[in-house]
Amino acid sequence: MSYNLSRYDFAAIEEKWRTRWLTAKTWKVEAEPGRKKYYVLEMFPYPSGRIHMGHVRNYTIGDVVARYRRMKGDNVIHPMGWDAFGLPAENAAIKNDTHPAKWTFENIDYMRGQLQRLGLSYDWDRELATCKADYYRWEQLFFLKMYAKGLAYRKKTTVNWCEPCQTVLANEQVINGACWRCDTLVTPREMQGWFLKITDYAEELLAGCDKLSGWPEKVLTMQRNWIGKSLGAEIEFPVEGRSDRLTIFTTRPDTIFGATFMSLAPEHPLVAQLSRGTEQETAVAEFVKRTAARRRLKTGEEPEKEGVFTGGYCLNPFTGARLPIYAANFVLMEYGTGAVMAVPAHDQRDFEFAGLYRLPVIPVIQPEGMELTAETMTQAHEGPGILINSGDFSGLGWEEAKVAITRQAEEQGFGRARTTYRLRDWGISRQRYWGTPIPIIHCEKCGIQPVPETDLPVELPTDVKIDKSGKSPLHTLENFIRTTCPACGGPARRETDTFDTFMESSWYFARYACPDFHNGPLRRDQVDYWLPVDQYIGGVEHAILHLLYSRFFTRVLRDLGYLGVDEPFTNLLTQGMVIKDGSKMSKSKGNVVDPSDLIARFGADTVRLFSLFAAPPERDLEWNDQGVEGAFRFLSRIQRFVGDNLELLSRADDHLPAGLGEADRVLHRKTHQTIRKVSRDLEGDFHFNTAISAVMELTNILFALTGPESKETPQPPLVRRAVEAILTLLFPMVPHLAAELWEATGHDRDLDAMPWPEYDPEAAKDDEITVVIQVKGKVRGRLQVAPGTAEDELRQLALADDKVKGFIGGAPVRKVIVVPDKLVNIVI
RNA sequence: GCCCGGAUGGCGGAACUGGUAGACGCAAGGGACUUAAAAUCCCUCGGCCGUAAGGCUGUGCGAGUUCGAUUCUCGCUCCGGGCACCA
């Protein structure tokens, strides 16, 4: 023995097993058609330098699942890699005068070591880094395929610009008006950029939510809200003095008779056209200029409503009423048609706007038991009611009126039912260097030309110097930019934007199935075997961003024939944050706990155990140094027990002795009850905290029964079985110590190769249980009876109890409720 | 404002499907061992009354259903998260 079993020498134990496992490639897997697979995946990290407690928690949870499923006999794939493109590398490059690639790869090497120290059971042969050309080249291929299908396109729009990051952000990446990464308020900017048509999949992404029964309801709600489906109608209003019509979208066609004006987004093309040459022209131009600057600025604050008359009118196709057309700052160009029919009586925004500009209010929906009049209304009535003032439709309920009015608009050719989504197309251009180059060539003669597939990858040049301006060096790197047009062969320029790094994380889970495949992005037989991910684990902060993009990508790749599933992740576990002193660990708060320090002091097993024990995974975990010591104490206790009883444990007979004493039975029963409890906890909700509690209880009983105070000591085979249960049940959580003690107690097969223990329902049965006696719902006594004792007998026993009699005090017993094996409640 | 969660001892958290509230751990207090400390072991540990036996009370607040509610229903309060002029 190379170490001393008389104390818990975690450093030696962990090093021994880490080396053994890594050398033997214990966790390497291959597809085995016909054998049940299980794919456990944790969200891969950005190689920022060091792992933090959030990673430790995330990856430990995943590792327990992986090890548990292996013991259950599944063919488990458990890969790890690096989300290696991103802005921090460029910032670090500036700060440390290094290159993003160097910085990134050094971080990867360091962090890989940290993960290995935690004893995480990854198949390292599948490791990938998204910044390598053999990964991102396939992403460029996907982009070209999407471009060919019209799923990728370029347009000029107002985008969210983040000044410190010197780049554009997608809508999903703007949180309360600020950049998701650096928290600076974004500013609007007109720019050309590439977009992916995620909106083409809006309906499918929404419908798919209903089938994701393995996802937290909270995440699904967020996704549904983000997609934001609205059913309504599109209606065309003739514009006075013009041949074209003004098309609006409304979810309330039932209120059309109450429309008193129109509101247009300031950028709506009609705004400028209508005002041209009228006395409103200057006022409108001034208004548009002023509001445009604040457009799409999602600052969180709701600006005051404001508008201006355009000088034009249109006609209500139902009533012929002449409606003034306004430009209004609260109408969004990118939602619906950028134009709204204003019904002040039944829309709060229109009501406020009408008040501001003294526009008429016409109630057309009468709520039950109340009469609305324009004069008395103090706010819009947005609820249900019966139609009034609505011509032939008066008298209809609002819901049927929606249908009837839409139908009539359709029949008469000026409207139709329409569904609108809040979801916008995904802007994927980033004005950054450290990312995947967008494989596009701009030719003055031929316009936009995709890079031919045979020319892929477009490699990110590495011979660049990152300067302090924060601007991407690609934009000025002539030997990268200068190229020839694939269509005409003439001189042309490369696209200098790179992909949003969420592109890389949208399909990495599929690439793990075949990380070394060179003939294409995905090897179909491998992908078909391993996908979808059975259990995905990560932080809830990706509830929309990464998870929505991945669901989108999966469908696109399916439609391109690269894979055969609709949804990437069958089950999702969103783990809570690790907090300390009540708030998230952060450098600025000075409450950061470094995992490596802890591993050095207590060992990886202790760190793993505590992060599993302190809270159920979906909840926030309050870090507590003394709690870590408690976890360490528990492991030391187990190690000490095995060390002290090594001889007894090693030579104990494998067979149950014929005659079991009281102590034998107690230990035997508890052993099987513990196996049952832990199995259920790992199988169901991943409530590792209660699983660990159960093993602690078993350990406590083991100590109590074998300690000096104990009247009767269990026989060695039973002690051995209890210890075996403790080690196997704990193995997924504290693998090094469990494997070590397993080996030390004379097992020749490694614990890795052992199956998960089965419990014997007979052995787990209690031979005596406590039945509570209540009088009027209050506990007044207890009965010790055999399980399954008949109701009658329980009733007799309860009524005969002296103490209970005292509480009844001769009063007539009105009713006796007996719940077998639980309680007897006497009602007087 | 709207939509989701959540609230249990000094702390983290348990409690099956409505049936003994507080498992397990941490902290605290007392004790044993020790020259001493560490480590370890034992005891106590929601609150109030009581020497004790025991009693009363208690799961954010207020009602309700029930023989019985941490659990179900309704109405609040506070905390956390998401969305926020989406027509």
# chains A, B, ... in the order shown; residues from 1 in each chain; ligands from 1

$ residues_around --residues "segment 105-113 of chain A" --least-positions-apart "6" --cutoff "6 Å" --atoms "only C-alpha atoms (C1' of nucleotides)" --output "count of residues only"
3

$ residues_around --residues "segment 387-393 of chain A" --least-positions-apart "6" --cutoff "9 Å" --atoms "only C-alpha atoms (C1' of nucleotides)" --output "PyMOL selection string"
chain A and resi 254-258+318-319+362-367+401+404-405

$ residues_around --residues "Pro45 of chain A" --least-positions-apart "3" --cutoff "8 Å" --atoms "only C-alpha atoms (C1' of nucleotides)" --output "list in words"
His55, Gly81, Trp82 and Asp83 of chain A

$ write_last_selection --atoms "C-alpha atoms" --output "PDB file, in the first residue's frame"
ATOM      1  CA  HIS A  55     -18.492  25.269 -12.811  1.00  0.00           C
ATOM      2  CA  GLY A  81     -14.945  21.025 -24.545  1.00  0.00           C
ATOM      3  CA  TRP A  82     -14.346  24.733 -24.797  1.00  0.00           C
ATOM      4  CA  ASP A  83     -16.509  27.588 -25.951  1.00  0.00           C
TER       5      ASP A  83
END

$ interface_residues --of "chain B" --to "chain A" --cutoff "7 Å" --atoms "only C-alpha atoms (C1' of nucleotides)" --output "PyMOL selection string"
chain B and resi 4+12-13+19-20+24-26+67-68+82+85-87

$ atom_distance --atom1 "atom CA of Cys514 of chain A" --atom2 "atom CA of Trp530 of chain A"
9.7 Å

$ residues_around --residues "segment 39-51 of chain B" --least-positions-apart "2" --cutoff "9 Å" --atoms "only C-alpha atoms (C1' of nucleotides)" --output "list in words"
G9, G22, A28, G29, G30, G31, A32, C33, G54, G55, C56, U57 and G58 of chain B

$ select_by_dssp --residues "segment 72-276 of chain A" --states "strand (DSSP E)" --output "number ranges by chain"
A: 75-77, 152-162, 167-169, 174-175, 178-179, 187-196, 229-238, 245-250, 261-264

$ select_by_dssp --residues "segment 238-435 of chain A" --states "helix (DSSP H, G or I)" --output "NGL selection string"
:A and (253-258 or 269-275 or 281-292 or 344-346 or 348-357 or 391-393 or 398-411)

$ atom_distance --atom1 "atom CA of Phe499 of chain A" --atom2 "atom CA of His542 of chain A"
18.4 Å

$ closest_residue --among "A:Trp742, A:Pro714, A:Ala259, A:Leu794" --to "Gly659 of chain A" --atoms "only C-alpha atoms"
A:Pro714

$ residues_around --residues "segment 723-732 of chain A" --least-positions-apart "5" --cutoff "9 Å" --atoms "only C-alpha atoms (C1' of nucleotides)" --output "NGL selection string"
:A and (63-68 or 71 or 638 or 642 or 649 or 671-672 or 674-675 or 678-679 or 691-692 or 695-696 or 698-699 or 702 or 718 or 737-739 or 741-742 or 751-752 or 754-757)

$ write_last_selection --atoms "C-alpha atoms" --output "CSV table (one decimal), in the first residue's frame"
chain,number,residue,atom,x,y,z
A,63,ASP,CA,-20.6,13.8,-13.2
A,64,VAL,CA,-22.8,12.1,-10.6
A,65,VAL,CA,-25.4,11.5,-13.3
A,66,ALA,CA,-22.8,10.1,-15.7
A,67,ARG,CA,-21.3,7.8,-13.1
A,68,TYR,CA,-24.7,6.7,-11.9
A,71,MET,CA,-23.4,1.8,-13.0
A,638,ILE,CA,-15.9,6.6,6.6
A,642,VAL,CA,-12.8,1.2,7.0
A,649,LEU,CA,-14.0,-6.2,6.4
A,671,THR,CA,-28.7,-0.8,4.4
A,672,HIS,CA,-31.5,-1.8,2.1
A,674,THR,CA,-30.6,3.4,2.1
A,675,ILE,CA,-30.1,1.8,-1.2
A,678,VAL,CA,-30.5,6.9,-2.8
A,679,SER,CA,-31.6,5.1,-5.9
A,691,ALA,CA,-29.4,11.0,-0.9
A,692,ILE,CA,-26.2,12.0,1.0
A,695,VAL,CA,-25.9,7.6,3.5
A,696,MET,CA,-25.0,9.7,6.6
A,698,LEU,CA,-26.6,4.6,7.5
A,699,THR,CA,-23.1,5.6,8.6
A,702,LEU,CA,-23.0,1.7,11.6
A,718,LEU,CA,-23.5,-7.5,7.6
A,737,LEU,CA,-12.3,7.8,-1.8
A,738,ALA,CA,-15.0,5.3,-2.6
A,739,ALA,CA,-12.8,3.5,-5.2
A,741,LEU,CA,-11.7,2.0,0.2
A,742,TRP,CA,-13.4,-0.5,-2.1
A,751,LEU,CA,-15.8,0.1,-8.3
A,752,ASP,CA,-16.1,1.7,-11.7
A,754,MET,CA,-19.6,-2.5,-10.4
A,755,PRO,CA,-23.3,-2.3,-11.1
A,756,TRP,CA,-25.5,-0.1,-9.0
A,757,PRO,CA,-26.8,-2.1,-6.0

$ closest_residue --among "A:Ser636, A:Ala93, A:Phe688, A:Trp507" --to "Ser611 of chain A" --atoms "only C-alpha atoms"
A:Phe688

$ atom_distance --atom1 "atom CA of Ala328 of chain A" --atom2 "atom CA of Met262 of chain A"
9.1 Å

$ residues_around --residues "Phe142 of chain A" --least-positions-apart "4" --cutoff "9 Å" --atoms "only C-alpha atoms (C1' of nucleotides)" --output "MDAnalysis selection string"
chainID A and resid 137:138 146:147 521 556:557 560

$ decode --residues "segment 190-221 of chain A" --atoms "N, CA and C atoms" --output "mmCIF file, in the first residue's frame"
data_model
loop_
_atom_site.group_PDB
_atom_site.id
_atom_site.type_symbol
_atom_site.label_atom_id
_atom_site.label_comp_id
_atom_site.auth_asym_id
_atom_site.auth_seq_id
_atom_site.Cartn_x
_atom_site.Cartn_y
_atom_site.Cartn_z
ATOM 1 N N GLU A 190 -27.354 52.291 -37.127
ATOM 2 C CA GLU A 190 -27.753 51.768 -38.430
ATOM 3 C C GLU A 190 -26.578 50.997 -39.000
ATOM 4 N N MET A 191 -26.787 49.731 -39.296
ATOM 5 C CA MET A 191 -25.671 48.954 -39.826
ATOM 6 C C MET A 191 -26.132 47.824 -40.713
ATOM 7 N N GLN A 192 -25.215 47.416 -41.601
ATOM 8 C CA GLN A 192 -25.422 46.214 -42.393
ATOM 9 C C GLN A 192 -25.046 45.037 -41.518
ATOM 10 N N GLY A 193 -25.791 43.961 -41.630
ATOM 11 C CA GLY A 193 -25.401 42.804 -40.853
ATOM 12 C C GLY A 193 -26.070 41.544 -41.367
ATOM 13 N N TRP A 194 -25.511 40.424 -40.935
ATOM 14 C CA TRP A 194 -26.067 39.128 -41.336
ATOM 15 C C TRP A 194 -27.072 38.636 -40.312
ATOM 16 N N PHE A 195 -28.128 38.021 -40.836
ATOM 17 C CA PHE A 195 -29.196 37.519 -39.967
ATOM 18 C C PHE A 195 -29.551 36.096 -40.339
ATOM 19 N N LEU A 196 -29.956 35.338 -39.323
ATOM 20 C CA LEU A 196 -30.490 34.000 -39.578
ATOM 21 C C LEU A 196 -31.989 34.041 -39.334
ATOM 22 N N LYS A 197 -32.715 33.398 -40.229
ATOM 23 C CA LYS A 197 -34.173 33.458 -40.182
ATOM 24 C C LYS A 197 -34.753 32.521 -39.139
ATOM 25 N N ILE A 198 -34.493 32.824 -37.893
ATOM 26 C CA ILE A 198 -35.056 32.000 -36.819
ATOM 27 C C ILE A 198 -36.584 32.142 -36.818
ATOM 28 N N THR A 199 -37.058 33.268 -37.371
ATOM 29 C CA THR A 199 -38.516 33.481 -37.385
ATOM 30 C C THR A 199 -39.235 32.452 -38.256
ATOM 31 N N ASP A 200 -38.521 31.887 -39.232
ATOM 32 C CA ASP A 200 -39.141 30.824 -40.029
ATOM 33 C C ASP A 200 -39.512 29.632 -39.160
ATOM 34 N N TYR A 201 -38.828 29.503 -38.045
ATOM 35 C CA TYR A 201 -39.056 28.357 -37.174
ATOM 36 C C TYR A 201 -39.844 28.735 -35.921
ATOM 37 N N ALA A 202 -40.348 29.961 -35.908
ATOM 38 C CA ALA A 202 -41.034 30.438 -34.698
ATOM 39 C C ALA A 202 -42.152 29.486 -34.276
ATOM 40 N N GLU A 203 -42.970 29.123 -35.221
ATOM 41 C CA GLU A 203 -44.115 28.279 -34.882
ATOM 42 C C GLU A 203 -43.654 26.915 -34.371
ATOM 43 N N GLU A 204 -42.671 26.352 -35.029
ATOM 44 C CA GLU A 204 -42.204 25.028 -34.610
ATOM 45 C C GLU A 204 -41.493 25.096 -33.257
ATOM 46 N N LEU A 205 -40.746 26.160 -33.052
ATOM 47 C CA LEU A 205 -40.067 26.307 -31.766
ATOM 48 C C LEU A 205 -41.081 26.463 -30.639
ATOM 49 N N LEU A 206 -42.149 27.163 -30.952
ATOM 50 C CA LEU A 206 -43.197 27.354 -29.946
ATOM 51 C C LEU A 206 -43.933 26.044 -29.680
ATOM 52 N N ALA A 207 -44.337 25.391 -30.741
ATOM 53 C CA ALA A 207 -45.073 24.132 -30.580
ATOM 54 C C ALA A 207 -44.213 23.100 -29.867
ATOM 55 N N GLY A 208 -42.918 23.116 -30.154
ATOM 56 C CA GLY A 208 -42.008 22.163 -29.528
ATOM 57 C C GLY A 208 -41.975 22.287 -28.018
ATOM 58 N N CYS A 209 -42.237 23.475 -27.522
ATOM 59 C CA CYS A 209 -42.230 23.684 -26.060
ATOM 60 C C CYS A 209 -43.211 22.740 -25.365
ATOM 61 N N ASP A 210 -44.309 22.471 -26.016
ATOM 62 C CA ASP A 210 -45.326 21.605 -25.396
ATOM 63 C C ASP A 210 -44.837 20.176 -25.219
ATOM 64 N N LYS A 211 -43.850 19.801 -26.023
ATOM 65 C CA LYS A 211 -43.382 18.410 -25.955
ATOM 66 C C LYS A 211 -42.191 18.251 -25.024
ATOM 67 N N LEU A 212 -41.641 19.370 -24.572
ATOM 68 C CA LEU A 212 -40.448 19.291 -23.730
ATOM 69 C C LEU A 212 -40.817 19.063 -22.270
ATOM 70 N N SER A 213 -41.336 17.890 -21.996
ATOM 71 C CA SER A 213 -41.818 17.628 -20.636
ATOM 72 C C SER A 213 -40.656 17.497 -19.654
ATOM 73 N N GLY A 214 -39.451 17.318 -20.170
ATOM 74 C CA GLY A 214 -38.304 17.192 -19.276
ATOM 75 C C GLY A 214 -37.613 18.514 -18.991
ATOM 76 N N TRP A 215 -38.262 19.609 -19.379
ATOM 77 C CA TRP A 215 -37.682 20.935 -19.119
ATOM 78 C C TRP A 215 -38.444 21.622 -17.995
ATOM 79 N N PRO A 216 -37.763 22.484 -17.243
ATOM 80 C CA PRO A 216 -38.482 23.228 -16.199
ATOM 81 C C PRO A 216 -39.534 24.128 -16.843
ATOM 82 N N GLU A 217 -40.688 24.166 -16.252
ATOM 83 C CA GLU A 217 -41.792 24.965 -16.779
ATOM 84 C C GLU A 217 -41.377 26.436 -16.927
ATOM 85 N N LYS A 218 -40.571 26.874 -16.003
ATOM 86 C CA LYS A 218 -40.104 28.258 -16.004
ATOM 87 C C LYS A 218 -39.360 28.617 -17.294
ATOM 88 N N VAL A 219 -38.498 27.724 -17.726
ATOM 89 C CA VAL A 219 -37.720 27.970 -18.937
ATOM 90 C C VAL A 219 -38.639 27.958 -20.155
ATOM 91 N N LEU A 220 -39.582 27.023 -20.161
ATOM 92 C CA LEU A 220 -40.508 26.951 -21.292
ATOM 93 C C LEU A 220 -41.350 28.218 -21.378
ATOM 94 N N THR A 221 -41.787 28.708 -20.225
ATOM 95 C CA THR A 221 -42.570 29.949 -20.222
ATOM 96 C C THR A 221 -41.751 31.090 -20.806
#
